[in-house]
Amino acid sequence: MKFSKKLLAILAFVPAMALASEGTFPLDKAPDRQTNMAALQHGAKLFVNYCLNCHAAVSMRYNRLKDLGLSEDQIKKNLLFSGDKVGDLMTTSLAPQDAKAFFGVVPPDLSVISRAKSSSAGTGGDYLYTYLRTFYKDDTRPTGWNNMVVPNVAMPHVLWELQGIQTAKFVEENDPHEAGKKIHKFVGFEQVKPGTLNKIEYDNAVADLVGYMEWMAEPAQQTRKRLGVWVLLFLSVFALLAWRLNASFWKEVK
């Protein structure tokens with residue numbers, strides 16, 4: 001009963017997240033990792049180490065990671081926090097009231113975040129891939145960080161040690177829609193401190209993380225697609241047989 005209430009709360013919160021006021025920064029296409037088990041395993045490791053500190057994914061259990069080719073022993077050694085069990089849900093130890101005090105909002109559950117963020121601008125994977133690569137240093141913000149996809153974001157840049165520190169460069173231009181008004185146009189990032197990964201390595205790591213989050217939102221996605229192909233083939237053959245049977249049945253009828 002308790003799990004059902006949590007799941008209903010997540011589903012109720014999804015539309016609100018999708019309609020949240022965010023920027024119009026163009027989204028980059030996220031690399032497809034859905035058939036790359038090594039990449040998804042790496043993404044799961046990044047998710048546990050960097051995301052579960054504040055966020056939860058209460059629709060996912062650790063033992064479901066066996067579908068990614070991980071053994072129970074590997075899950076225990078590399079992906080479980082102290083005291084957690086393989087059959088447990090992916091919860092966080094951060095209390096909601098503490099999160100509210102730290103960030104001003106309670107971090108959303110990430111179980112289906114990649115599906116919730118899908119829009120006409122791109123897939124949920126595109127959104128997350130761009131979001132996690134466009135944090136920049138902004139000392140005017142409480143956390144010291146800002147983001148191009150979500151201006152004035154409450155979340156700090158948890159992957160900064162991997163990416164390093166970058167600042168955003170803007171130029172002042174006339175607003176083409178309103179005479180006499182100036183706007184700040186984004187022209188790029190400037191790396192001011194390197195991270196443990198170079199740009200290509202960081203982009204690949206984010207792609208792995210996003211790939212895992214896409215998989216987590218629908219673990220049976222690849223199975224569904226495979227079954228869908230067989231169902232369409234069956235229906236095609238059935239339609240052909242039905243058509244020929246119908247023609248044979250009515251051929252003597254004038």
# chains A, B, ... in the order shown; residues from 1 in each chain; ligands from 1
>>> select_by_dssp(residues="segment 48-177 of chain A", states="alpha helix (DSSP H)", output="compact mmCIF listing (two decimals) with N, CA, C and O atoms, in the first residue's frame")
# COMPACT_ATOMS: atom_id res chain seq x y z
N GLU A 72 24.33 -10.64 -9.08
CA GLU A 72 23.93 -10.15 -7.75
C GLU A 72 25.16 -9.74 -6.95
O GLU A 72 25.12 -8.75 -6.21
N ASP A 73 26.24 -10.47 -7.10
CA ASP A 73 27.47 -10.14 -6.38
C ASP A 73 28.04 -8.81 -6.85
O ASP A 73 28.51 -8.00 -6.04
N GLN A 74 28.00 -8.56 -8.15
CA GLN A 74 28.49 -7.28 -8.68
C GLN A 74 27.64 -6.12 -8.19
O GLN A 74 28.17 -5.04 -7.88
N ILE A 75 26.34 -6.33 -8.13
CA ILE A 75 25.45 -5.28 -7.63
C ILE A 75 25.76 -4.97 -6.17
O ILE A 75 25.85 -3.81 -5.77
N LYS A 76 25.95 -6.02 -5.37
CA LYS A 76 26.26 -5.83 -3.95
C LYS A 76 27.56 -5.08 -3.75
O LYS A 76 27.66 -4.16 -2.91
N LYS A 77 28.60 -5.44 -4.50
CA LYS A 77 29.92 -4.86 -4.30
C LYS A 77 30.05 -3.44 -4.85
O LYS A 77 30.76 -2.61 -4.27
N ASN A 78 29.37 -3.15 -5.96
CA ASN A 78 29.62 -1.89 -6.66
C ASN A 78 28.50 -0.87 -6.62
O ASN A 78 28.75 0.32 -6.84
N PRO A 96 13.22 14.65 3.01
CA PRO A 96 12.59 15.72 2.22
C PRO A 96 12.74 17.10 2.86
O PRO A 96 12.97 18.09 2.16
N GLN A 97 12.61 17.18 4.20
CA GLN A 97 12.72 18.48 4.85
C GLN A 97 14.13 19.05 4.76
O GLN A 97 14.32 20.27 4.62
N ASP A 98 15.13 18.16 4.78
CA ASP A 98 16.52 18.61 4.62
C ASP A 98 16.76 19.08 3.19
O ASP A 98 17.44 20.10 2.96
N ALA A 99 16.22 18.34 2.21
CA ALA A 99 16.37 18.74 0.82
C ALA A 99 15.73 20.09 0.58
O ALA A 99 16.28 20.95 -0.14
N LYS A 100 14.56 20.31 1.16
CA LYS A 100 13.87 21.59 1.04
C LYS A 100 14.72 22.73 1.60
O LYS A 100 14.80 23.82 1.02
N ALA A 101 15.37 22.46 2.72
CA ALA A 101 16.21 23.48 3.35
C ALA A 101 17.46 23.75 2.52
O ALA A 101 17.90 24.90 2.39
N PHE A 102 18.06 22.72 1.94
CA PHE A 102 19.29 22.87 1.17
C PHE A 102 19.05 23.54 -0.19
O PHE A 102 19.79 24.44 -0.59
N PHE A 103 18.04 23.07 -0.91
CA PHE A 103 17.85 23.47 -2.31
C PHE A 103 16.62 24.34 -2.57
O PHE A 103 16.46 24.85 -3.67
N ILE A 113 11.86 10.13 -15.26
CA ILE A 113 12.17 11.50 -15.63
C ILE A 113 12.45 11.64 -17.12
O ILE A 113 12.12 12.66 -17.74
N SER A 114 13.05 10.63 -17.74
CA SER A 114 13.37 10.74 -19.17
C SER A 114 12.11 10.75 -20.02
O SER A 114 12.10 11.32 -21.11
N ARG A 115 11.06 10.13 -19.55
CA ARG A 115 9.79 10.15 -20.28
C ARG A 115 9.04 11.45 -19.98
O ARG A 115 8.37 12.01 -20.85
N ALA A 116 9.14 11.92 -18.75
CA ALA A 116 8.43 13.14 -18.37
C ALA A 116 8.97 14.36 -19.10
O ALA A 116 8.22 15.31 -19.35
N GLY A 124 13.15 12.97 -23.99
CA GLY A 124 13.60 13.18 -22.62
C GLY A 124 15.10 12.94 -22.49
O GLY A 124 15.79 13.60 -21.71
N GLY A 125 15.63 12.00 -23.29
CA GLY A 125 17.07 11.76 -23.29
C GLY A 125 17.83 12.96 -23.81
O GLY A 125 18.89 13.32 -23.27
N ASP A 126 17.32 13.61 -24.86
CA ASP A 126 17.95 14.82 -25.39
C ASP A 126 17.98 15.91 -24.31
O ASP A 126 18.98 16.62 -24.15
N TYR A 127 16.87 16.05 -23.61
CA TYR A 127 16.76 17.06 -22.55
C TYR A 127 17.82 16.82 -21.47
O TYR A 127 18.57 17.73 -21.10
N LEU A 128 17.88 15.59 -20.96
CA LEU A 128 18.81 15.28 -19.88
C LEU A 128 20.26 15.40 -20.35
O LEU A 128 21.12 15.88 -19.60
N TYR A 129 20.53 14.95 -21.57
CA TYR A 129 21.89 14.99 -22.12
C TYR A 129 22.37 16.44 -22.23
O TYR A 129 23.52 16.76 -21.88
N THR A 130 21.50 17.33 -22.69
CA THR A 130 21.87 18.74 -22.81
C THR A 130 21.97 19.39 -21.44
O THR A 130 22.91 20.15 -21.15
N TYR A 131 21.01 19.09 -20.59
CA TYR A 131 20.97 19.68 -19.25
C TYR A 131 22.24 19.39 -18.45
O TYR A 131 22.83 20.29 -17.84
N TRP A 160 30.54 18.19 -11.42
CA TRP A 160 31.54 19.20 -11.76
C TRP A 160 32.97 18.67 -11.68
O TRP A 160 33.85 19.10 -12.43
N GLU A 161 33.21 17.73 -10.78
CA GLU A 161 34.56 17.18 -10.68
C GLU A 161 34.95 16.43 -11.95
O GLU A 161 36.12 16.39 -12.30
N LEU A 162 33.96 15.83 -12.61
CA LEU A 162 34.23 15.13 -13.86
C LEU A 162 34.38 16.11 -15.02
O LEU A 162 35.29 15.99 -15.84
N GLN A 163 33.48 17.08 -15.10
CA GLN A 163 33.49 18.02 -16.21
C GLN A 163 34.47 19.16 -16.01
O GLN A 163 35.01 19.71 -16.98
>>> closest_atom_pairs(of="segment 210-230 of chain A", to="segment 48-68 of chain A", cutoff="12 Å", atoms="only C-alpha atoms", output="JSON lines")
{"residue": "A:Val210", "atom": "CA", "partner": "A:Cys51", "partner_atom": "CA", "distance": 11.5}
{"residue": "A:Gly211", "atom": "CA", "partner": "A:Leu68", "partner_atom": "CA", "distance": 11.9}
{"residue": "A:Tyr212", "atom": "CA", "partner": "A:Leu68", "partner_atom": "CA", "distance": 9.6}
{"residue": "A:Met213", "atom": "CA", "partner": "A:Ala57", "partner_atom": "CA", "distance": 9.8}
{"residue": "A:Trp215", "atom": "CA", "partner": "A:Leu68", "partner_atom": "CA", "distance": 9.6}
{"residue": "A:Met216", "atom": "CA", "partner": "A:Met60", "partner_atom": "CA", "distance": 7.1}
{"residue": "A:Ala217", "atom": "CA", "partner": "A:Ser59", "partner_atom": "CA", "distance": 8.7}
{"residue": "A:Glu218", "atom": "CA", "partner": "A:Met60", "partner_atom": "CA", "distance": 9.9}
{"residue": "A:Pro219", "atom": "CA", "partner": "A:Asp67", "partner_atom": "CA", "distance": 8.1}
{"residue": "A:Ala220", "atom": "CA", "partner": "A:Asp67", "partner_atom": "CA", "distance": 9.3}
{"residue": "A:Gln221", "atom": "CA", "partner": "A:Asp67", "partner_atom": "CA", "distance": 11.7}
{"residue": "A:Gln222", "atom": "CA", "partner": "A:Asp67", "partner_atom": "CA", "distance": 11.1}
{"residue": "A:Thr223", "atom": "CA", "partner": "A:Asp67", "partner_atom": "CA", "distance": 11.1}
>>> closest_residue(among="A:Gly180, A:Pro31, A:Gly104, A:Gly144", to="Thr123 of chain A", atoms="only C-alpha atoms")
A:Pro31
>>> atom_distance(atom1="atom CA of Val149 of chain A", atom2="atom CA of Thr24 of chain A")
6.9 Å
>>> atom_distance(atom1="atom CA of Leu209 of chain A", atom2="atom CA of Val153 of chain A")
19.8 Å
>>> decode(residues="segment 143-159 of chain A", atoms="all heavy atoms", output="tab-separated table (two decimals), in the first residue's frame")
chain	number	residue	atom	x	y	z
A	143	THR	N	23.63	28.10	-5.00
A	143	THR	CA	24.50	26.93	-5.09
A	143	THR	C	25.82	27.24	-5.79
A	143	THR	O	26.72	26.41	-5.79
A	143	THR	CB	23.80	25.80	-5.86
A	143	THR	OG1	23.55	26.22	-7.21
A	143	THR	CG2	22.50	25.40	-5.20
A	144	GLY	N	25.91	28.42	-6.41
A	144	GLY	CA	27.10	28.76	-7.18
A	144	GLY	C	27.06	28.27	-8.62
A	144	GLY	O	28.04	28.43	-9.35
A	145	TRP	N	25.92	27.68	-9.03
A	145	TRP	CA	25.80	27.12	-10.37
A	145	TRP	C	24.52	27.57	-11.04
A	145	TRP	O	23.52	27.84	-10.38
A	145	TRP	CB	25.82	25.58	-10.33
A	145	TRP	CG	27.08	25.00	-9.79
A	145	TRP	CD1	27.32	24.60	-8.51
A	145	TRP	CD2	28.30	24.79	-10.51
A	145	TRP	NE1	28.59	24.13	-8.39
A	145	TRP	CE2	29.23	24.24	-9.60
A	145	TRP	CE3	28.69	24.99	-11.82
A	145	TRP	CZ2	30.52	23.89	-9.97
A	145	TRP	CZ3	29.98	24.65	-12.20
A	145	TRP	CH2	30.88	24.11	-11.28
A	146	ASN	N	24.56	27.63	-12.37
A	146	ASN	CA	23.37	27.91	-13.16
A	146	ASN	C	23.37	26.95	-14.35
A	146	ASN	O	24.33	26.18	-14.53
A	146	ASN	CB	23.36	29.36	-13.64
A	146	ASN	CG	21.95	29.91	-13.77
A	146	ASN	OD1	21.01	29.18	-14.09
A	146	ASN	ND2	21.79	31.20	-13.51
A	147	ASN	N	22.32	26.99	-15.13
A	147	ASN	CA	22.19	26.04	-16.22
A	147	ASN	C	21.49	26.69	-17.40
A	147	ASN	O	20.56	27.48	-17.22
A	147	ASN	CB	21.39	24.81	-15.74
A	147	ASN	CG	21.40	23.68	-16.75
A	147	ASN	OD1	20.58	23.65	-17.67
A	147	ASN	ND2	22.33	22.76	-16.59
A	148	MET	N	21.91	26.36	-18.62
A	148	MET	CA	21.33	26.95	-19.81
A	148	MET	C	19.95	26.38	-20.12
A	148	MET	O	19.09	27.07	-20.65
A	148	MET	CB	22.25	26.73	-21.01
A	148	MET	CG	23.57	27.49	-20.92
A	148	MET	SD	23.40	29.27	-20.68
A	148	MET	CE	22.41	29.72	-22.10
A	149	VAL	N	19.73	25.11	-19.82
A	149	VAL	CA	18.43	24.49	-20.11
A	149	VAL	C	17.39	24.92	-19.08
A	149	VAL	O	16.23	25.17	-19.41
A	149	VAL	CB	18.55	22.96	-20.15
A	149	VAL	CG1	17.19	22.30	-20.32
A	149	VAL	CG2	19.49	22.53	-21.27
A	150	VAL	N	17.80	25.00	-17.81
A	150	VAL	CA	16.90	25.41	-16.72
A	150	VAL	C	17.52	26.62	-16.03
A	150	VAL	O	18.27	26.47	-15.06
A	150	VAL	CB	16.68	24.27	-15.70
A	150	VAL	CG1	15.63	24.68	-14.67
A	150	VAL	CG2	16.26	22.99	-16.40
A	151	PRO	N	17.24	27.83	-16.52
A	151	PRO	CA	17.81	29.03	-15.89
A	151	PRO	C	17.42	29.12	-14.43
A	151	PRO	O	16.31	28.79	-14.03
A	151	PRO	CB	17.19	30.16	-16.71
A	151	PRO	CG	16.86	29.55	-18.03
A	151	PRO	CD	16.45	28.14	-17.73
A	152	ASN	N	18.38	29.56	-13.60
A	152	ASN	CA	18.18	29.69	-12.16
A	152	ASN	C	17.82	28.37	-11.50
A	152	ASN	O	16.99	28.29	-10.59
A	152	ASN	CB	17.09	30.74	-11.85
A	152	ASN	CG	17.46	32.10	-12.39
A	152	ASN	OD1	18.62	32.50	-12.38
A	152	ASN	ND2	16.46	32.84	-12.88
A	153	VAL	N	18.45	27.31	-11.98
A	153	VAL	CA	18.19	25.97	-11.47
A	153	VAL	C	18.58	25.88	-10.00
A	153	VAL	O	19.54	26.51	-9.53
A	153	VAL	CB	18.98	24.93	-12.30
A	153	VAL	CG1	20.48	25.12	-12.13
A	153	VAL	CG2	18.57	23.51	-11.96
A	154	ALA	N	17.81	25.10	-9.23
A	154	ALA	CA	18.09	24.91	-7.81
A	154	ALA	C	19.15	23.84	-7.58
A	154	ALA	O	19.83	23.83	-6.56
A	154	ALA	CB	16.81	24.54	-7.07
A	155	MET	N	19.30	22.94	-8.54
A	155	MET	CA	20.23	21.81	-8.39
A	155	MET	C	21.68	22.26	-8.61
A	155	MET	O	21.98	22.97	-9.57
A	155	MET	CB	19.87	20.73	-9.41
A	155	MET	CG	20.83	19.56	-9.45
A	155	MET	SD	20.29	18.33	-10.67
A	155	MET	CE	21.84	17.43	-10.94
A	156	PRO	N	22.60	21.87	-7.74
A	156	PRO	CA	24.01	22.14	-7.99
A	156	PRO	C	24.56	21.20	-9.06
A	156	PRO	O	23.91	20.21	-9.42
A	156	PRO	CB	24.67	21.88	-6.63
A	156	PRO	CG	23.77	20.87	-5.98
A	156	PRO	CD	22.37	21.19	-6.45
A	157	HIS	N	25.74	21.51	-9.55
A	157	HIS	CA	26.35	20.68	-10.59
A	157	HIS	C	27.09	19.53	-9.92
A	157	HIS	O	28.27	19.63	-9.58
A	157	HIS	CB	27.31	21.53	-11.41
A	157	HIS	CG	27.88	20.84	-12.61
A	157	HIS	ND1	27.34	19.68	-13.12
A	157	HIS	CD2	28.97	21.10	-13.39
A	157	HIS	CE1	28.05	19.27	-14.16
A	157	HIS	NE2	29.03	20.13	-14.34
A	158	VAL	N	26.41	18.40	-9.77
A	158	VAL	CA	26.99	17.27	-9.02
A	158	VAL	C	28.12	16.59	-9.79
A	158	VAL	O	28.92	15.86	-9.19
A	158	VAL	CB	25.91	16.24	-8.65
A	158	VAL	CG1	24.89	16.85	-7.70
A	158	VAL	CG2	25.22	15.71	-9.90
A	159	LEU	N	28.20	16.81	-11.09
A	159	LEU	CA	29.24	16.17	-11.90
A	159	LEU	C	30.41	17.11	-12.20
A	159	LEU	O	31.20	16.83	-13.11
A	159	LEU	CB	28.63	15.67	-13.23
A	159	LEU	CG	27.49	14.66	-13.13
A	159	LEU	CD1	26.93	14.37	-14.51
A	159	LEU	CD2	27.96	13.38	-12.46
